[in-house]
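**Student:** Provided herewith is a single structure, encoded as structure tokens, for subsequent inquiry.
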Amino acid sequence: MTRGGLQAVLFDMDGLLIDSERVWLEVETEVMAWLGGEWSPAHQEHLVGGSLYVAADYMLELTGASASREEVGRRMLDGMAERLSACVPLMPGAKELLGEVREAGVTAALVSSSHRRLIEPVLDAVGRAYFALSVAGDEVERVKPDPEPYLTAAARLGADPARCVVLEDSPNGVAAAEAAGCATVAVPGVLPIPPAPGRTVVSSLREVDLAMLRSLAA
């Protein structure tokens with residue numbers, strides 16, 4: 001166990017470490033046009049922090065198109081993979097916080113609802129050395145808001161979830177982290193997240209440092 005009781009810091013990816021929600025909006029708009037419909041930020045709000053196939057089912061429900069959910073999902077993955085291979089836009093304060101956590105020797109993991117195919121280019125761009133492991137949405141049975149992704153990460157790290165701090169940007173992600181028994185720092189993105197017991201809400205990762213994370217796990 002590290003000093004202060006903090007055993008691991010578990011980072012979400014989309015909207016937390018990388019500024020990808022606007023990229024997802026681009027891709028979803030393109031796929032929706034292919035399905036014969038229109039897409040808006042209001043539609044995207046229904047899907048923030050959710051899974052790929054929940055998004056595909058929602059699009060098919062809106063349009064009544066005859067495409068399969070697998071084809072819709074593949075088109076979204078293709079669009080995101082193409083964009084992330086060209087550019088991975090980091091959120092303000094992300095690299096600094098990752099660097100501080102690594103410099104202190106605290107274990108970190110990346111825990112995302114995105115598929116492995118999208119996590120890999122992000123790990124390449126951000127730096128694999130920052131993370132002891134990563135958990136992808138297509139590697140668990142139940143994605144966020146179920147606690148399985150965070151419980152899986154903690155178990156693989158040999159950490160007590162109560163001694164882990166999670167950083168999340170979406171209500172689904174926060175629900176998953178809290179259900180896993182982790183202290184949670186919320187950095188709201190597309191959707192608001194209210195303060196609650198065991199939850200710290202900040203406006204940017206620039207407001208988060210290792211001292212804060214240690215205090216939450218104490």
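Identifiers in the structure tokens: chain A, B, ... in order shown; residue index from 1 per chain; ligand index from 1 in order shown.
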List every residue of region 33-95 of chain A that DSSP, applied to the backbone of this structure, places in helix (DSSP H, G or I), and write the result as a ChimeraX atom specification.
**Tutor:** /A:33-35,41-45,52-63,69-86,94-95
**Student:** Find the spatial neighbours of region 92-97 of chain A, counting only C-alpha atoms, within a cut-off of 10 Å - ignore same-chain residues fewer than 5 positions away - and output them as a list in words.
**Tutor:**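 These residues fall inside the cut-off: Phe11, Leu16, Leu17, Ile18, Asp19, Arg102, Glu103, Val126, Gly127, Tyr130, Ser204, Leu205, Arg206, Glu207, Val208, Asp209 and Leu210 of chain A.
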**Student:** Using the chain letters and numbers from this document, which residues of chain A does DSSP assign to strand (DSSP E or B), as a VMD selection string?
**Tutor:** chain A and resid 8 to 11 14 18 90 107 to 111 133 to 135 164 to 168 183 to 186 196 199 to 201
**Student:** Residues within 9 Å of Leu118 (chain A), please, as a JSON list (two decimals) with C-alpha atoms, in the first residue's frame. Count only C-alpha atoms; anything in the same chain fewer than 5 positions from it doesn't count.
**Tutor:**
```json
[["chain", "number", "residue", "atom", "x", "y", "z"],
["A", 77, "LEU", "CA", -15.35, 2.27, -34.72],
["A", 80, "MET", "CA", -13.12, 6.97, -34.48],
["A", 81, "ALA", "CA", -10.07, 4.81, -35.20],
["A", 84, "LEU", "CA", -7.58, 8.91, -33.26],
["A", 85, "SER", "CA", -4.78, 7.52, -35.42],
["A", 136, "ALA", "CA", -11.71, -1.96, -22.54]]
```
**Student:** Which of these, A:Leu10, A:Leu25, A:Leu35, A:Ala125, has the shortest distance to Val72 (chain A) once you count only C-alpha atoms?
**Tutor:**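 The answer is A:Leu35, which sits nearest to Val72 (chain A).
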**Student:** One number please: CA of Val106 (chain A) to CA of Ala162 (chain A), in Å, one decimal.
**Tutor:** 15.3 Å
**Student:** Using only C-alpha atoms, determine which residues lie at most 10 Å from Leu6 (chain A), disregarding the query and same-chain residues fewer than 4 positions distant; provide the list as a list in words.
**Tutor:**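 My list of contacting residues is Met1, Thr2, Val106, Thr107, Ala159, Asp160, Pro161, Ala162, Arg163, Cys164, Val165, Leu210, Leu213, Arg214, Ser215, Leu216, Ala217 and Ala218 of chain A.
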**Student:** Give me, as a compact mmCIF listing (two decimals) with all heavy atoms, in the first residue's frame, all polymer residues having an atom no more than 10 Å from Ser203 (chain A), counting only C-alpha atoms and skipping those fewer than 6 positions away in the same chain.
**Tutor:**
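The new file around_8.txt reads:
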```
# COMPACT_ATOMS: atom_id res chain seq x y z
N ASP A 169 -15.92 11.54 -16.12
CA ASP A 169 -16.58 12.75 -16.63
C ASP A 169 -18.08 12.56 -16.84
O ASP A 169 -18.78 13.54 -17.09
CB ASP A 169 -15.95 13.17 -17.96
CG ASP A 169 -16.36 12.25 -19.10
OD1 ASP A 169 -16.04 11.05 -19.03
OD2 ASP A 169 -17.01 12.72 -20.04
N ALA A 186 -15.24 13.64 -10.07
CA ALA A 186 -15.99 13.89 -11.30
C ALA A 186 -15.55 15.19 -11.92
O ALA A 186 -15.45 16.21 -11.25
CB ALA A 186 -17.49 13.94 -10.99
N VAL A 187 -15.28 15.12 -13.23
CA VAL A 187 -14.95 16.31 -14.02
C VAL A 187 -16.02 16.39 -15.11
O VAL A 187 -15.82 15.88 -16.22
CB VAL A 187 -13.54 16.22 -14.64
CG1 VAL A 187 -13.13 17.56 -15.22
CG2 VAL A 187 -12.51 15.74 -13.61
N PRO A 188 -17.19 16.96 -14.81
CA PRO A 188 -18.32 16.87 -15.73
C PRO A 188 -17.99 17.40 -17.12
O PRO A 188 -17.34 18.45 -17.27
CB PRO A 188 -19.40 17.73 -15.06
CG PRO A 188 -19.02 17.75 -13.61
CD PRO A 188 -17.53 17.71 -13.59
N GLY A 189 -18.43 16.64 -18.13
CA GLY A 189 -18.21 17.03 -19.51
C GLY A 189 -19.50 17.48 -20.16
O GLY A 189 -19.99 18.58 -19.94
```
**Student:** Rank A:His43, A:Arg22, A:Arg75, A:Arg142 by their smallest atom-to-atom distance to Ser112 (chain A), using only C-alpha atoms, and report the top residue only.
**Tutor:** A:Arg142
**Student:** Any idea what the distance is between CA of Arg117 (chain A) and CA of Asp78 (chain A)?
**Tutor:**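 Between these atoms lies a distance of 9.3 Å.
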**Student:** Using only C-alpha atoms for the distances, tell me which of A:Gly49, A:Gly158, A:Pro197, A:Gly64 is nearest to Ala176 (chain A).
**Tutor:**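 Going through A:Gly49, A:Gly158, A:Pro197, A:Gly64 one by one, the smallest distance to Ala176 (chain A) is for A:Gly49.
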**Student:** Just checking: using only C-alpha atoms, which residue out of A:Gly15, A:Gly5, A:Pro121, A:Gly36 ends up closest to Leu191 (chain A)?
**Tutor:**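 The closest residue to Leu191 (chain A) is A:Gly15.
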**Student:** Smallest atom-to-atom distance to Gly105 (chain A): which of A:Gln7, A:Lys144, A:Leu60, A:Val31, using only C-alpha atoms?
**Tutor:**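 Once distances to Gly105 (chain A) are computed over only C-alpha atoms, the minimum belongs to A:Gln7.
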**Student:** Could you please determine the separation between CA of Ala108 (chain A) and CA of Ala132 (chain A) in Å, to one decimal place?
**Tutor:**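 Calculated distance between CA of Ala108 (chain A) and CA of Ala132 (chain A) is 5.8 Å.
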**Student:** Of the residues A:Glu45, A:Glu30, A:Glu139, A:Glu178, which is the one nearest to Thr152 (chain A), using only C-alpha atoms?
**Tutor:**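 Checking each of A:Glu45, A:Glu30, A:Glu139, A:Glu178 against Thr152 (chain A), counting only C-alpha atoms, the winner is A:Glu139.
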